[in-house]
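input.tsv, holding TSV, C-alpha atoms:
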```tsv
chain	number	residue	atom	x	y	z
A	1	MET	CA	6.46	-16.97	-7.64
A	2	ILE	CA	7.51	-17.75	-11.20
A	3	ASP	CA	4.28	-16.30	-12.59
A	4	CYS	CA	4.82	-13.09	-10.62
A	5	CYS	CA	8.34	-12.74	-11.95
A	6	LEU	CA	7.28	-13.47	-15.52
A	7	SER	CA	4.47	-10.90	-15.36
A	8	PHE	CA	6.82	-8.35	-13.85
A	9	PHE	CA	9.56	-8.76	-16.45
A	10	LYS	CA	7.08	-8.83	-19.33
A	11	ALA	CA	5.46	-5.66	-18.04
A	12	ILE	CA	8.67	-3.69	-17.68
A	13	SER	CA	10.16	-4.92	-20.95
A	14	ASP	CA	7.82	-2.65	-22.94
A	15	LYS	CA	9.33	0.74	-23.88
A	16	THR	CA	6.08	2.62	-23.37
A	17	ARG	CA	5.67	1.20	-19.88
A	18	GLN	CA	9.26	2.17	-19.13
A	19	ARG	CA	8.38	5.71	-20.18
A	20	VAL	CA	5.38	5.59	-17.85
A	21	PHE	CA	7.74	4.64	-14.99
A	22	GLU	CA	9.97	7.59	-15.81
A	23	LEU	CA	6.99	9.93	-15.60
A	24	LEU	CA	5.77	8.44	-12.33
A	25	GLU	CA	9.16	8.62	-10.62
A	26	GLY	CA	8.55	10.43	-7.35
A	27	THR	CA	5.03	11.61	-8.24
A	28	GLU	CA	1.56	10.48	-9.17
A	29	LEU	CA	-0.29	11.32	-12.36
A	30	SER	CA	-3.72	10.72	-13.85
A	31	VAL	CA	-4.25	8.70	-17.00
A	32	GLY	CA	-4.98	11.94	-18.87
A	33	GLU	CA	-1.77	13.57	-17.68
A	34	ILE	CA	0.29	10.54	-18.70
A	35	ALA	CA	-1.44	10.36	-22.09
A	36	LYS	CA	-0.76	14.04	-22.74
A	37	LYS	CA	2.91	13.83	-21.79
A	38	LEU	CA	3.48	10.67	-23.87
A	39	LYS	CA	1.27	11.87	-26.74
A	40	LEU	CA	-0.80	8.68	-26.58
A	41	THR	CA	-4.53	8.03	-26.34
A	42	GLN	CA	-6.10	7.57	-22.92
A	43	PRO	CA	-7.28	4.01	-23.75
A	44	ASN	CA	-3.73	3.09	-24.81
A	45	VAL	CA	-2.29	4.45	-21.56
A	46	SER	CA	-5.04	2.76	-19.54
A	47	ASN	CA	-4.11	-0.60	-21.05
A	48	HIS	CA	-0.44	-0.11	-20.19
A	49	LEU	CA	-1.35	0.93	-16.64
A	50	LYS	CA	-3.58	-2.13	-16.27
A	51	VAL	CA	-0.65	-4.42	-17.14
A	52	LEU	CA	1.59	-2.58	-14.67
A	53	LYS	CA	-1.03	-2.70	-11.93
A	54	LEU	CA	-1.76	-6.42	-12.41
A	55	CYS	CA	1.89	-7.29	-11.81
A	56	GLY	CA	2.12	-4.96	-8.80
A	57	CYS	CA	4.37	-2.30	-10.37
A	58	VAL	CA	1.97	0.61	-9.91
A	59	ARG	CA	-0.82	1.48	-7.52
A	60	SER	CA	-3.87	3.60	-8.12
A	61	ARG	CA	-5.87	6.09	-6.09
A	62	LYS	CA	-9.28	7.39	-7.11
A	63	GLU	CA	-10.18	11.03	-6.52
A	64	GLY	CA	-13.55	12.06	-7.89
A	65	LYS	CA	-13.68	10.92	-11.49
A	66	SER	CA	-9.90	10.78	-11.87
A	67	VAL	CA	-7.61	7.88	-11.08
A	68	TYR	CA	-4.03	8.71	-10.10
A	69	TYR	CA	-1.16	6.28	-10.51
A	70	SER	CA	2.18	6.00	-8.74
A	71	VAL	CA	5.04	3.50	-8.64
A	72	ASN	CA	4.50	0.66	-6.17
A	73	LYS	CA	8.06	0.28	-4.92
A	74	GLU	CA	7.14	-2.44	-2.42
A	75	GLY	CA	5.48	-4.53	-5.13
A	76	MET	CA	8.46	-4.16	-7.44
A	77	LEU	CA	10.91	-4.96	-4.66
A	78	ASN	CA	8.97	-8.09	-3.66
A	79	CYS	CA	9.02	-9.40	-7.20
A	80	CYS	CA	12.69	-8.59	-7.81
A	81	CYS	CA	13.72	-10.13	-4.49
A	82	GLY	CA	11.60	-13.18	-5.26
A	83	PHE	CA	13.40	-13.55	-8.59
A	84	PHE	CA	16.84	-13.27	-7.03
A	85	ASN	CA	15.93	-15.65	-4.21
A	86	ARG	CA	14.52	-18.18	-6.69
A	87	PHE	CA	17.90	-18.44	-8.37
A	88	LYS	CA	19.84	-18.01	-5.15
A	89	ILE	CA	21.43	-14.76	-6.32
A	90	LYS	CA	22.78	-12.75	-3.42
A	91	LEU	CA	22.95	-9.00	-3.60
A	92	GLU	CA	25.84	-7.34	-1.87
A	93	LYS	CA	25.86	-3.74	-0.71
A	94	LYS	CA	28.87	-1.75	-1.74
```
Before we go any further, please render this structure as structure tokens.
Amino acid sequence: MIDCCLSFFKAISDKTRQRVFELLEGTELSVGEIAKKLKLTQPNVSNHLKVLKLCGCVRSRKEGKSVYYSVNKEGMLNCCCGFFNRFKIKLEKK
């Protein structure tokens, strides 16, 4: 559990990966589309997406030669809840 939380927080602490999340909010995009919007190279974006996928923050779907990415809300929720449970932090709904 600790490793999952560490990977998650390391992954989302990067500003570029936060920008990727903003782009993926409510949609899915290919590596090329993300690279174009962020004005980064495709290999650079692919590396960021790999980090995000390894910690469960994004999911991928292959269509032909393109791979499309979207936010994995369930993966993020599991890791965040695991973190809060680990330290016995209770969330209250307002």
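Taking atom CA of A:Cys57 as the reference point, atom CA of A:Asn72 is found at 5.1 Å.
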List the neighbours of A:Gln18 out to 12 Å using all atoms listed in the file; skip same-chain residues closer than 6 positions along the sequence, and give me the result as a PDB file with C-alpha atoms, in the coordinates of the input.
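Output saved as around28.pdb:
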```
ATOM      1  CA  PHE A   9       9.560  -8.760 -16.450  1.00  0.00           C
ATOM      2  CA  LYS A  10       7.080  -8.830 -19.330  1.00  0.00           C
ATOM      3  CA  ALA A  11       5.460  -5.660 -18.040  1.00  0.00           C
ATOM      4  CA  ILE A  12       8.670  -3.690 -17.680  1.00  0.00           C
ATOM      5  CA  LEU A  24       5.770   8.440 -12.330  1.00  0.00           C
ATOM      6  CA  GLU A  25       9.160   8.620 -10.620  1.00  0.00           C
ATOM      7  CA  LEU A  38       3.480  10.670 -23.870  1.00  0.00           C
ATOM      8  CA  HIS A  48      -0.440  -0.110 -20.190  1.00  0.00           C
ATOM      9  CA  LEU A  49      -1.350   0.930 -16.640  1.00  0.00           C
ATOM     10  CA  LEU A  52       1.590  -2.580 -14.670  1.00  0.00           C
ATOM     11  CA  CYS A  57       4.370  -2.300 -10.370  1.00  0.00           C
ATOM     12  CA  VAL A  58       1.970   0.610  -9.910  1.00  0.00           C
ATOM     13  CA  VAL A  71       5.040   3.500  -8.640  1.00  0.00           C
TER      14      VAL A  71
END
```
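The nearest approach to A:Ser66 among the residues A:Leu23, A:Ser30, A:Ser7, A:Asp14, with only C-alpha atoms taken into account, belongs to A:Ser30.
For the pair atom CA of A:Leu54 and atom CA of A:Tyr69, the interatomic distance is 12.9 Å.
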Length of the atom CA of A:Val31 to atom CA of A:Glu74 vector [Å]: 21.6 Å
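Counting only C-alpha atoms, the residue from A:Lys65, A:Cys5, A:Leu77, A:Ala35 that sits nearest to A:Asn47 is A:Ala35.
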